[in-house]
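my_file.pdb follows; it contains PDB, C-alpha atoms.
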```pdb
ATOM      1  CA  MET I   1      -3.783 -25.351  -9.253
ATOM      2  CA  ARG I   2      -2.680 -23.345  -6.238
ATOM      3  CA  TYR I   3       0.839 -22.331  -5.252
ATOM      4  CA  GLU I   4       1.444 -21.847  -1.531
ATOM      5  CA  ILE I   5       4.466 -20.027  -0.131
ATOM      6  CA  LEU I   6       3.041 -18.820   3.209
ATOM      7  CA  GLY I   7       4.800 -21.721   4.869
ATOM      8  CA  PRO I   8       6.860 -24.520   3.313
ATOM      9  CA  LEU I   9       6.559 -24.315  -0.470
ATOM     10  CA  ARG I  10       3.953 -26.648  -1.922
ATOM     11  CA  VAL I  11       1.644 -27.004  -4.914
ATOM     12  CA  VAL I  12      -1.983 -27.957  -4.347
ATOM     13  CA  ASP I  13      -3.990 -29.565  -7.140
ATOM     14  CA  GLY I  14      -7.498 -30.467  -6.032
ATOM     15  CA  ASP I  15      -7.202 -32.651  -2.934
ATOM     16  CA  THR I  16      -3.523 -33.391  -3.562
ATOM     17  CA  SER I  17      -0.574 -31.341  -2.370
ATOM     18  CA  SER I  18       3.007 -31.930  -3.461
ATOM     19  CA  SER I  19       6.397 -30.466  -2.666
ATOM     20  CA  ILE I  20       9.902 -30.644  -4.102
ATOM     21  CA  SER I  21      12.550 -32.558  -2.178
ATOM     22  CA  ALA I  22      15.514 -31.288  -4.246
ATOM     23  CA  ARG I  23      16.497 -27.997  -2.632
ATOM     24  CA  LYS I  24      17.975 -26.271  -5.700
ATOM     25  CA  ILE I  25      14.873 -27.009  -7.788
ATOM     26  CA  GLU I  26      12.722 -25.779  -4.894
ATOM     27  CA  ILE I  27      14.694 -22.534  -4.828
ATOM     28  CA  ALA I  28      14.191 -22.072  -8.574
ATOM     29  CA  LEU I  29      10.417 -22.501  -8.187
ATOM     30  CA  ALA I  30      10.322 -20.146  -5.201
ATOM     31  CA  VAL I  31      12.082 -17.365  -7.118
ATOM     32  CA  LEU I  32       9.830 -17.823 -10.154
ATOM     33  CA  LEU I  33       6.758 -17.628  -7.898
ATOM     34  CA  ILE I  34       7.999 -14.513  -6.149
ATOM     35  CA  ARG I  35       8.395 -12.893  -9.568
ATOM     36  CA  ALA I  36       5.341 -14.634 -11.028
ATOM     37  CA  ASP I  37       4.440 -13.466 -14.548
ATOM     38  CA  GLN I  38       7.764 -11.629 -14.795
ATOM     39  CA  VAL I  39      11.018 -12.737 -16.403
ATOM     40  CA  VAL I  40      13.679 -13.887 -13.947
ATOM     41  CA  THR I  41      17.134 -13.736 -15.492
ATOM     42  CA  HIS I  42      19.605 -16.599 -15.563
ATOM     43  CA  ASP I  43      21.967 -14.607 -13.351
ATOM     44  CA  GLN I  44      19.276 -13.965 -10.730
ATOM     45  CA  LEU I  45      18.379 -17.630 -10.557
ATOM     46  CA  MET I  46      22.007 -18.743 -10.339
ATOM     47  CA  THR I  47      22.691 -16.238  -7.546
ATOM     48  CA  GLU I  48      19.753 -17.573  -5.536
ATOM     49  CA  ILE I  49      20.786 -21.185  -6.110
ATOM     50  CA  TRP I  50      24.572 -20.970  -5.709
ATOM     51  CA  GLY I  51      25.288 -17.564  -4.194
ATOM     52  CA  ASP I  52      28.370 -15.708  -5.423
ATOM     53  CA  ARG I  53      30.263 -18.930  -6.191
ATOM     54  CA  PRO I  54      28.414 -20.753  -8.974
ATOM     55  CA  PRO I  55      30.014 -23.944 -10.316
ATOM     56  CA  ARG I  56      31.781 -23.910 -13.664
ATOM     57  CA  ARG I  57      28.817 -25.515 -15.440
ATOM     58  CA  ALA I  58      26.157 -23.497 -13.627
ATOM     59  CA  THR I  59      24.251 -22.607 -16.817
ATOM     60  CA  ALA I  60      23.932 -26.253 -17.808
ATOM     61  CA  GLY I  61      22.914 -27.130 -14.256
ATOM     62  CA  LEU I  62      20.227 -24.449 -14.304
ATOM     63  CA  HIS I  63      18.781 -25.878 -17.514
ATOM     64  CA  VAL I  64      18.557 -29.285 -15.833
ATOM     65  CA  TYR I  65      16.765 -27.835 -12.796
ATOM     66  CA  ILE I  66      14.258 -25.976 -14.975
ATOM     67  CA  SER I  67      13.618 -29.167 -16.943
ATOM     68  CA  GLN I  68      12.940 -31.036 -13.696
ATOM     69  CA  LEU I  69      10.699 -28.213 -12.521
ATOM     70  CA  ARG I  70       8.660 -28.404 -15.714
ATOM     71  CA  LYS I  71       8.155 -32.107 -15.145
ATOM     72  CA  PHE I  72       7.028 -31.430 -11.580
ATOM     73  CA  LEU I  73       4.478 -28.830 -12.692
ATOM     74  CA  TYR I  74       3.153 -30.751 -15.686
ATOM     75  CA  ARG I  75      -0.468 -31.855 -15.457
ATOM     76  CA  PRO I  76      -2.269 -34.205 -17.891
ATOM     77  CA  GLY I  77      -4.251 -32.276 -20.477
ATOM     78  CA  GLN I  78      -2.142 -29.167 -19.953
ATOM     79  CA  LEU I  79      -1.708 -27.241 -23.212
ATOM     80  CA  GLU I  80       1.387 -25.333 -22.095
ATOM     81  CA  ASN I  81       3.752 -25.703 -19.186
ATOM     82  CA  PRO I  82       3.600 -22.740 -16.774
ATOM     83  CA  VAL I  83       7.392 -22.300 -16.919
ATOM     84  CA  VAL I  84       8.263 -20.468 -20.140
ATOM     85  CA  THR I  85      11.712 -19.808 -21.600
ATOM     86  CA  ARG I  86      12.637 -16.275 -22.571
ATOM     87  CA  GLN I  87      15.843 -14.984 -24.125
ATOM     88  CA  SER I  88      17.180 -13.585 -20.852
ATOM     89  CA  GLY I  89      15.728 -16.162 -18.456
ATOM     90  CA  TYR I  90      12.502 -17.857 -17.429
ATOM     91  CA  LEU I  91       8.958 -16.841 -16.544
ATOM     92  CA  LEU I  92       6.242 -18.647 -14.574
ATOM     93  CA  ARG I  93       2.779 -17.873 -15.909
ATOM     94  CA  THR I  94       0.083 -18.204 -13.285
ATOM     95  CA  GLY I  95      -2.900 -17.811 -15.617
ATOM     96  CA  SER I  96      -5.943 -19.066 -13.707
ATOM     97  CA  ASP I  97      -3.788 -20.671 -11.011
ATOM     98  CA  GLU I  98      -3.897 -19.206  -7.511
ATOM     99  CA  LEU I  99      -1.037 -17.912  -5.388
ATOM    100  CA  ASP I 100      -1.746 -17.763  -1.647
ATOM    101  CA  VAL I 101       0.281 -14.602  -1.101
ATOM    102  CA  ARG I 102      -1.903 -12.704  -3.585
ATOM    103  CA  ILE I 103      -5.008 -13.824  -1.716
ATOM    104  CA  PHE I 104      -3.412 -12.746   1.572
ATOM    105  CA  LEU I 105      -2.559  -9.271   0.267
ATOM    106  CA  ASP I 106      -6.031  -8.796  -1.249
ATOM    107  CA  LEU I 107      -7.696  -9.733   2.049
ATOM    108  CA  VAL I 108      -5.471  -7.327   3.985
ATOM    109  CA  LYS I 109      -6.228  -4.541   1.503
ATOM    110  CA  GLN I 110      -9.958  -5.169   1.857
ATOM    111  CA  GLY I 111      -9.608  -5.258   5.648
ATOM    112  CA  ARG I 112      -7.996  -1.817   5.606
ATOM    113  CA  ALA I 113     -10.834  -0.483   3.459
ATOM    114  CA  ASP I 114     -13.386  -1.951   5.883
ATOM    115  CA  VAL I 115     -11.654  -0.225   8.808
ATOM    116  CA  ARG I 116     -11.744   3.122   6.989
ATOM    117  CA  GLU I 117     -15.482   2.656   6.393
ATOM    118  CA  GLN I 118     -15.978   1.519  10.019
ATOM    119  CA  ARG I 119     -17.123  -1.939   8.950
ATOM    120  CA  TYR I 120     -15.276  -3.457  11.879
ATOM    121  CA  GLU I 121     -16.880  -6.903  11.931
ATOM    122  CA  GLN I 122     -16.059  -7.351   8.244
ATOM    123  CA  ALA I 123     -12.522  -6.127   8.877
ATOM    124  CA  VAL I 124     -12.025  -8.743  11.607
ATOM    125  CA  HIS I 125     -13.255 -11.470   9.268
ATOM    126  CA  GLY I 126     -10.927 -10.282   6.507
ATOM    127  CA  PHE I 127      -7.826 -10.070   8.697
ATOM    128  CA  GLU I 128      -8.517 -13.457  10.285
ATOM    129  CA  SER I 129      -9.040 -15.026   6.850
ATOM    130  CA  ALA I 130      -5.739 -13.539   5.684
ATOM    131  CA  LEU I 131      -3.841 -14.861   8.691
ATOM    132  CA  SER I 132      -5.402 -18.319   8.344
ATOM    133  CA  LEU I 133      -3.485 -18.760   5.078
ATOM    134  CA  TRP I 134      -0.183 -18.910   6.968
ATOM    135  CA  ARG I 135       1.144 -22.403   7.677
ATOM    136  CA  GLY I 136       4.544 -21.349   9.047
ATOM    137  CA  PRO I 137       7.495 -19.111   8.100
ATOM    138  CA  VAL I 138       7.482 -17.873   4.495
ATOM    139  CA  LEU I 139       8.926 -20.566   2.214
ATOM    140  CA  GLY I 140       9.880 -22.711   5.189
ATOM    141  CA  ASP I 141      13.657 -22.576   5.619
ATOM    142  CA  LEU I 142      14.526 -21.256   2.144
ATOM    143  CA  ARG I 143      16.656 -18.189   2.871
ATOM    144  CA  ASP I 144      19.548 -18.683   0.485
ATOM    145  CA  GLY I 145      19.729 -15.608  -1.730
ATOM    146  CA  PRO I 146      18.858 -11.889  -1.681
ATOM    147  CA  VAL I 147      15.542 -12.271  -3.512
ATOM    148  CA  LEU I 148      14.234 -15.004  -1.201
ATOM    149  CA  THR I 149      15.549 -13.341   1.953
ATOM    150  CA  GLY I 150      14.176  -9.903   1.074
ATOM    151  CA  TYR I 151      10.785 -11.266   0.086
ATOM    152  CA  ALA I 152      10.457 -13.387   3.222
ATOM    153  CA  THR I 153      11.338 -10.374   5.384
ATOM    154  CA  TRP I 154       8.783  -8.187   3.631
ATOM    155  CA  LEU I 155       5.994 -10.744   3.946
ATOM    156  CA  THR I 156       6.800 -11.406   7.603
ATOM    157  CA  GLU I 157       6.422  -7.678   8.278
ATOM    158  CA  ALA I 158       3.127  -7.667   6.354
ATOM    159  CA  ARG I 159       1.854 -10.466   8.601
ATOM    160  CA  LEU I 160       2.843  -8.537  11.730
ATOM    161  CA  GLU I 161       1.032  -5.464  10.425
ATOM    162  CA  CYS I 162      -2.070  -7.579   9.817
ATOM    163  CA  LEU I 163      -1.898  -8.904  13.386
ATOM    164  CA  GLU I 164      -1.595  -5.353  14.715
ATOM    165  CA  MET I 165      -4.601  -4.155  12.705
ATOM    166  CA  LEU I 166      -6.670  -7.139  13.809
ATOM    167  CA  ALA I 167      -5.938  -6.425  17.473
ATOM    168  CA  ASP I 168      -6.797  -2.742  17.022
ATOM    169  CA  VAL I 169     -10.158  -3.586  15.469
ATOM    170  CA  CYS I 170     -10.948  -6.141  18.165
ATOM    171  CA  LEU I 171     -10.241  -3.492  20.791
ATOM    172  CA  ARG I 172     -12.596  -1.121  18.985
ATOM    173  CA  LEU I 173     -15.269  -3.819  19.188
ATOM    174  CA  GLY I 174     -14.712  -4.302  22.905
ATOM    175  CA  ARG I 175     -13.203  -7.790  22.595
ATOM    176  CA  HIS I 176     -10.409  -7.034  25.033
ATOM    177  CA  ARG I 177     -10.780 -10.139  27.204
ATOM    178  CA  GLU I 178     -10.397 -12.566  24.303
ATOM    179  CA  LEU I 179      -7.329 -10.645  23.112
ATOM    180  CA  VAL I 180      -5.274 -10.958  26.282
ATOM    181  CA  GLY I 181      -3.893 -14.452  25.727
ATOM    182  CA  ARG I 182      -3.118 -13.829  22.050
ATOM    183  CA  LEU I 183      -1.301 -10.586  22.835
ATOM    184  CA  TYR I 184       0.780 -12.176  25.575
ATOM    185  CA  SER I 185       1.938 -14.697  22.980
ATOM    186  CA  LEU I 186       2.661 -11.989  20.423
ATOM    187  CA  THR I 187       4.773  -9.951  22.855
ATOM    188  CA  ALA I 188       6.765 -13.084  23.679
ATOM    189  CA  GLU I 189       7.302 -13.853  19.973
ATOM    190  CA  ASN I 190       8.086 -10.230  19.087
ATOM    191  CA  PRO I 191       9.732  -8.763  22.183
ATOM    192  CA  LEU I 192      10.831  -5.541  20.450
ATOM    193  CA  CYS I 193       7.427  -4.701  18.961
ATOM    194  CA  GLU I 194       5.996  -1.907  21.093
ATOM    195  CA  THR I 195       2.594  -2.057  19.389
ATOM    196  CA  PHE I 196       1.766  -5.453  20.868
ATOM    197  CA  TYR I 197       2.781  -4.291  24.369
ATOM    198  CA  ARG I 198       0.568  -1.225  23.978
ATOM    199  CA  GLN I 199      -2.401  -3.278  22.821
ATOM    200  CA  LEU I 200      -1.895  -5.796  25.626
ATOM    201  CA  MET I 201      -1.824  -3.015  28.222
ATOM    202  CA  VAL I 202      -5.113  -1.621  26.917
ATOM    203  CA  ALA I 203      -6.733  -5.079  26.810
ATOM    204  CA  LEU I 204      -5.657  -5.798  30.403
ATOM    205  CA  TYR I 205      -6.785  -2.391  31.641
ATOM    206  CA  ARG I 206     -10.232  -2.891  30.131
ATOM    207  CA  SER I 207     -10.349  -6.365  31.662
ATOM    208  CA  GLU I 208      -9.991  -4.711  35.112
ATOM    209  CA  ARG I 209      -6.370  -5.849  35.419
ATOM    210  CA  GLN I 210      -4.675  -2.494  35.875
ATOM    211  CA  ALA I 211      -1.733  -3.880  37.847
ATOM    212  CA  ASP I 212      -1.011  -6.491  35.166
ATOM    213  CA  ALA I 213      -1.168  -3.777  32.494
ATOM    214  CA  LEU I 214       1.451  -1.722  34.343
ATOM    215  CA  MET I 215       3.631  -4.803  34.792
ATOM    216  CA  VAL I 216       3.559  -5.274  31.002
ATOM    217  CA  TYR I 217       4.898  -1.747  30.632
ATOM    218  CA  GLN I 218       7.772  -2.529  32.990
ATOM    219  CA  THR I 219       8.533  -5.706  31.041
ATOM    220  CA  ALA I 220       8.559  -3.773  27.773
ATOM    221  CA  ARG I 221      10.766  -1.038  29.243
ATOM    222  CA  ARG I 222      13.252  -3.550  30.660
ATOM    223  CA  THR I 223      13.402  -5.477  27.371
ATOM    224  CA  LEU I 224      13.974  -2.367  25.268
ATOM    225  CA  GLN I 225      16.672  -1.129  27.626
ATOM    226  CA  ASP I 226      18.476  -4.474  27.740
ATOM    227  CA  GLU I 227      18.290  -5.164  23.997
ATOM    228  CA  LEU I 228      18.580  -1.704  22.478
ATOM    229  CA  GLY I 229      19.486   0.703  25.255
ATOM    230  CA  LEU I 230      16.262   2.636  24.550
ATOM    231  CA  GLU I 231      13.297   3.891  26.541
ATOM    232  CA  PRO I 232       9.764   3.010  25.363
ATOM    233  CA  GLY I 233       8.364   5.237  22.639
ATOM    234  CA  ARG I 234       5.845   7.994  23.127
ATOM    235  CA  ALA I 235       2.753   5.884  22.316
ATOM    236  CA  LEU I 236       3.631   3.272  24.917
ATOM    237  CA  ARG I 237       4.416   5.918  27.563
ATOM    238  CA  GLU I 238       1.102   7.662  26.900
ATOM    239  CA  VAL I 239      -0.832   4.433  27.422
ATOM    240  CA  GLN I 240       1.000   3.919  30.726
ATOM    241  CA  GLN I 241       0.076   7.440  31.857
ATOM    242  CA  ALA I 242      -3.555   6.964  30.781
ATOM    243  CA  ILE I 243      -3.748   3.789  32.856
ATOM    244  CA  LEU I 244      -2.119   5.466  35.873
ATOM    245  CA  SER I 245      -4.629   8.313  35.548
ATOM    246  CA  ASP I 246      -7.494   5.857  35.045
ATOM    247  CA  ASP I 247      -8.479   7.959  32.028
ATOM    248  CA  ASN I 248      -9.818   5.819  29.188
ATOM    249  CA  ARG I 249     -10.333   8.891  27.016
ATOM    250  CA  GLN I 250      -6.560   9.338  26.651
ATOM    251  CA  LEU I 251      -6.266   5.978  24.936
ATOM    252  CA  GLY I 252      -7.344   7.653  21.690
ATOM    253  CA  VAL I 253      -7.848   5.392  18.692
ATOM    254  CA  LEU I 254      -7.927   2.325  20.920
ATOM    255  CA  ALA I 255     -11.067   3.485  22.712
ATOM    256  CA  PRO I 256     -14.108   1.300  21.919
ATOM    257  CA  SER I 257     -16.369   2.617  19.193
TER     258      SER I 257
END
```

Can you give me the file's structure in the form of structure tokens?
Amino acid sequence: MRYEILGPLRVVDGDTSSSISARKIEIALAVLLIRADQVVTHDQLMTEIWGDRPPRRATAGLHVYISQLRKFLYRPGQLENPVVTRQSGYLLRTGSDELDVRIFLDLVKQGRADVREQRYEQAVHGFESALSLWRGPVLGDLRDGPVLTGYATWLTEARLECLEMLADVCLRLGRHRELVGRLYSLTAENPLCETFYRQLMVALYRSERQADALMVYQTARRTLQDELGLEPGRALREVQQAILSDDNRQLGVLAPS
């Protein structure tokens, strides 16, 4: 069985995927998956499900939701249900089951190692494989409590970091032309991320589009001023100066290997 949270929450068993339509039960499963193989206390679960205003019979309601969750996760021939009761709460044992976020993090870790060892083609494959696991925003629209919100924020940042590393490696391999369209999309989706503007400027410059690269800098500068009242950071300014000077050597780590 495979649990997937890099997108709307679902459980995949062979060729069949299933999801939970009852939101509170879905939240309970999401929290147990986030803390997989660890005990999640009753209070933590109730906070995620009801916030700071739980109903009078919240404990009884939680027991009902866990019971329904066990039924959802039960598979014929299963010796033990993955959801286990502990004195202070509940625990979801993954055992041999897969969790897509663990696969994602392992692929990113391996990609970093490949970059350090200058195995750039392997790094590209690893980062692309990691990103292919994403089907949408983490856990869909589940953003009810502090555990879910914090975890979704952390994973979203991890995805952005993976995208940044992938673009850097592609630039090292001289794949600047194929990066241009992707980086335009990423700057539009993440208008305050200076890294994507910097990478786009380098990709355009190497694609013999110097004027477009300088226009990207002006767009970034205008956006940062309007949204935050800030000037572009040092790295972005240095790329602009390198392009104005037509000096590829000043682009440092982004120079092709």

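Note that the spacing between CA of Asp141 (chain I) and CA of Pro8 (chain I) amounts to 7.4 Å.
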
Q: Return the single residue from I:Asp168, I:Asp13, I:Asp106, I:Asp144 that is closest to Ala30 (chain I), with distances computed using all atoms listed in the file.
A: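 Looking only at the distances to Ala30 (chain I), the closest residue turns out to be I:Asp144.
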
Q.
Report as a list in words all protein, DNA and RNA residues lying within 10 Å of Asp114 (chain I), evaluated on all atoms listed in the file, omitting residues in the same chain fewer than 5 positions from it.
A. Val108, Lys109, Arg119, Tyr120, Glu121, Gln122, Ala123, Val124 and Gly126 of chain I

Q: Tell me which of I:Thr195, I:Gln210, I:Gly181, I:Leu200 sits closest to Pro232 (chain I), counting all atoms listed in the file.
A: I:Thr195

(Q) Please list as an MDAnalysis selection string every residue within 9 Å of Gln240 (chain I), counting all atoms listed in the file and excluding residues in the same chain fewer than 5 positions away. (A) chainID I and resid 198 201 213:214 217 235 245

Q: Just give me the gap between CA of Asp37 (chain I) and CA of Arg93 (chain I) in Å, one decimal is fine.
A: 4.9 Å

Q) Nearest to Ala188 (chain I) among I:Ala203, I:Val169, I:Val216, I:Ala242, with distances taken over all atoms listed in the file: which residue is it? A) I:Val216

(Q) Once the PyMOL selection byres ((chain I and resi 29) around 12) has been evaluated on this model, what residues remain selected, and can you format them as a ChimeraX atom specification? (A) /I:3-5,9-11,19-28,30-36,40,45,48-49,62,65-70,72-73,82-83,90-93,139,142,148

Save out the residues we just selected, C-alpha atoms, as a PDB file, keeping the file's coordinate frame.
```
ATOM      1  CA  TYR I   3       0.839 -22.331  -5.252  1.00  0.00           C
ATOM      2  CA  GLU I   4       1.444 -21.847  -1.531  1.00  0.00           C
ATOM      3  CA  ILE I   5       4.466 -20.027  -0.131  1.00  0.00           C
ATOM      4  CA  LEU I   9       6.559 -24.315  -0.470  1.00  0.00           C
ATOM      5  CA  ARG I  10       3.953 -26.648  -1.922  1.00  0.00           C
ATOM      6  CA  VAL I  11       1.644 -27.004  -4.914  1.00  0.00           C
ATOM      7  CA  SER I  19       6.397 -30.466  -2.666  1.00  0.00           C
ATOM      8  CA  ILE I  20       9.902 -30.644  -4.102  1.00  0.00           C
ATOM      9  CA  SER I  21      12.550 -32.558  -2.178  1.00  0.00           C
ATOM     10  CA  ALA I  22      15.514 -31.288  -4.246  1.00  0.00           C
ATOM     11  CA  ARG I  23      16.497 -27.997  -2.632  1.00  0.00           C
ATOM     12  CA  LYS I  24      17.975 -26.271  -5.700  1.00  0.00           C
ATOM     13  CA  ILE I  25      14.873 -27.009  -7.788  1.00  0.00           C
ATOM     14  CA  GLU I  26      12.722 -25.779  -4.894  1.00  0.00           C
ATOM     15  CA  ILE I  27      14.694 -22.534  -4.828  1.00  0.00           C
ATOM     16  CA  ALA I  28      14.191 -22.072  -8.574  1.00  0.00           C
ATOM     17  CA  ALA I  30      10.322 -20.146  -5.201  1.00  0.00           C
ATOM     18  CA  VAL I  31      12.082 -17.365  -7.118  1.00  0.00           C
ATOM     19  CA  LEU I  32       9.830 -17.823 -10.154  1.00  0.00           C
ATOM     20  CA  LEU I  33       6.758 -17.628  -7.898  1.00  0.00           C
ATOM     21  CA  ILE I  34       7.999 -14.513  -6.149  1.00  0.00           C
ATOM     22  CA  ARG I  35       8.395 -12.893  -9.568  1.00  0.00           C
ATOM     23  CA  ALA I  36       5.341 -14.634 -11.028  1.00  0.00           C
ATOM     24  CA  VAL I  40      13.679 -13.887 -13.947  1.00  0.00           C
ATOM     25  CA  LEU I  45      18.379 -17.630 -10.557  1.00  0.00           C
ATOM     26  CA  GLU I  48      19.753 -17.573  -5.536  1.00  0.00           C
ATOM     27  CA  ILE I  49      20.786 -21.185  -6.110  1.00  0.00           C
ATOM     28  CA  LEU I  62      20.227 -24.449 -14.304  1.00  0.00           C
ATOM     29  CA  TYR I  65      16.765 -27.835 -12.796  1.00  0.00           C
ATOM     30  CA  ILE I  66      14.258 -25.976 -14.975  1.00  0.00           C
ATOM     31  CA  SER I  67      13.618 -29.167 -16.943  1.00  0.00           C
ATOM     32  CA  GLN I  68      12.940 -31.036 -13.696  1.00  0.00           C
ATOM     33  CA  LEU I  69      10.699 -28.213 -12.521  1.00  0.00           C
ATOM     34  CA  ARG I  70       8.660 -28.404 -15.714  1.00  0.00           C
ATOM     35  CA  PHE I  72       7.028 -31.430 -11.580  1.00  0.00           C
ATOM     36  CA  LEU I  73       4.478 -28.830 -12.692  1.00  0.00           C
ATOM     37  CA  PRO I  82       3.600 -22.740 -16.774  1.00  0.00           C
ATOM     38  CA  VAL I  83       7.392 -22.300 -16.919  1.00  0.00           C
ATOM     39  CA  TYR I  90      12.502 -17.857 -17.429  1.00  0.00           C
ATOM     40  CA  LEU I  91       8.958 -16.841 -16.544  1.00  0.00           C
ATOM     41  CA  LEU I  92       6.242 -18.647 -14.574  1.00  0.00           C
ATOM     42  CA  ARG I  93       2.779 -17.873 -15.909  1.00  0.00           C
ATOM     43  CA  LEU I 139       8.926 -20.566   2.214  1.00  0.00           C
ATOM     44  CA  LEU I 142      14.526 -21.256   2.144  1.00  0.00           C
ATOM     45  CA  LEU I 148      14.234 -15.004  -1.201  1.00  0.00           C
TER      46      LEU I 148
END
```

Q) Expanded to explicit residues, what is the PyMOL selection byres ((chain I and resi 192) around 12) for this file, as a list in words? A)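 Output of the PyMOL selection byres ((chain I and resi 192) around 12): Leu186, Thr187, Ala188, Glu189, Asn190, Pro191, Cys193, Glu194, Thr195, Phe196, Tyr197, Arg198, Thr219, Ala220, Arg221, Arg222, Thr223, Leu224, Gln225, Asp226, Glu227, Leu228, Gly229, Leu230, Glu231, Pro232 and Gly233 of chain I.
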
Q) What is the distance, in Å and to one decimal place, between CA of Leu155 (chain I) and CA of Val138 (chain I)? A)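 These two atoms are separated by 7.3 Å.
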
**Q.** Picked residues, the PyMOL selection byres ((chain I and resi 129) around 12), expected as a PyMOL selection string
**A.** chain I and resi 100+103-108+110-111+122-128+130-134+159+162-163+166

Please complete region 160-166 of chain I with all heavy atoms and give it back as a compact mmCIF listing (two decimals), in the coordinates of the input.
```
# COMPACT_ATOMS: atom_id res chain seq x y z
N LEU I 160 2.87 -9.24 10.45
CA LEU I 160 2.84 -8.54 11.73
C LEU I 160 1.90 -7.34 11.69
O LEU I 160 1.15 -7.08 12.63
CB LEU I 160 4.25 -8.08 12.12
CG LEU I 160 5.21 -9.17 12.59
CD1 LEU I 160 6.60 -8.59 12.83
CD2 LEU I 160 4.70 -9.85 13.85
N GLU I 161 1.93 -6.61 10.57
CA GLU I 161 1.03 -5.46 10.42
C GLU I 161 -0.42 -5.92 10.46
O GLU I 161 -1.28 -5.27 11.06
CB GLU I 161 1.33 -4.72 9.12
CG GLU I 161 0.49 -3.47 8.94
CD GLU I 161 0.73 -2.79 7.62
OE1 GLU I 161 1.47 -3.34 6.77
OE2 GLU I 161 0.16 -1.70 7.41
N CYS I 162 -0.71 -7.04 9.81
CA CYS I 162 -2.07 -7.58 9.82
C CYS I 162 -2.50 -7.94 11.24
O CYS I 162 -3.64 -7.67 11.65
CB CYS I 162 -2.14 -8.79 8.90
SG CYS I 162 -3.79 -9.49 8.71
N LEU I 163 -1.60 -8.56 11.99
CA LEU I 163 -1.90 -8.90 13.39
C LEU I 163 -2.17 -7.66 14.22
O LEU I 163 -3.08 -7.64 15.06
CB LEU I 163 -0.73 -9.69 13.98
CG LEU I 163 -0.59 -11.15 13.54
CD1 LEU I 163 0.80 -11.68 13.87
CD2 LEU I 163 -1.66 -12.01 14.20
N GLU I 164 -1.40 -6.60 13.98
CA GLU I 164 -1.60 -5.35 14.72
C GLU I 164 -2.96 -4.75 14.39
O GLU I 164 -3.70 -4.30 15.29
CB GLU I 164 -0.48 -4.36 14.36
CG GLU I 164 0.88 -4.75 14.89
CD GLU I 164 1.98 -3.82 14.37
OE1 GLU I 164 1.64 -2.83 13.67
OE2 GLU I 164 3.17 -4.08 14.64
N MET I 165 -3.31 -4.73 13.10
CA MET I 165 -4.60 -4.16 12.70
C MET I 165 -5.76 -4.97 13.25
O MET I 165 -6.78 -4.41 13.69
CB MET I 165 -4.68 -4.05 11.18
CG MET I 165 -3.73 -3.02 10.58
SD MET I 165 -3.99 -2.73 8.79
CE MET I 165 -3.46 -4.31 8.10
N LEU I 166 -5.62 -6.28 13.26
CA LEU I 166 -6.67 -7.14 13.81
C LEU I 166 -6.89 -6.84 15.29
O LEU I 166 -8.03 -6.72 15.75
CB LEU I 166 -6.31 -8.61 13.61
CG LEU I 166 -7.24 -9.64 14.27
CD1 LEU I 166 -8.66 -9.50 13.74
CD2 LEU I 166 -6.72 -11.06 14.04
```
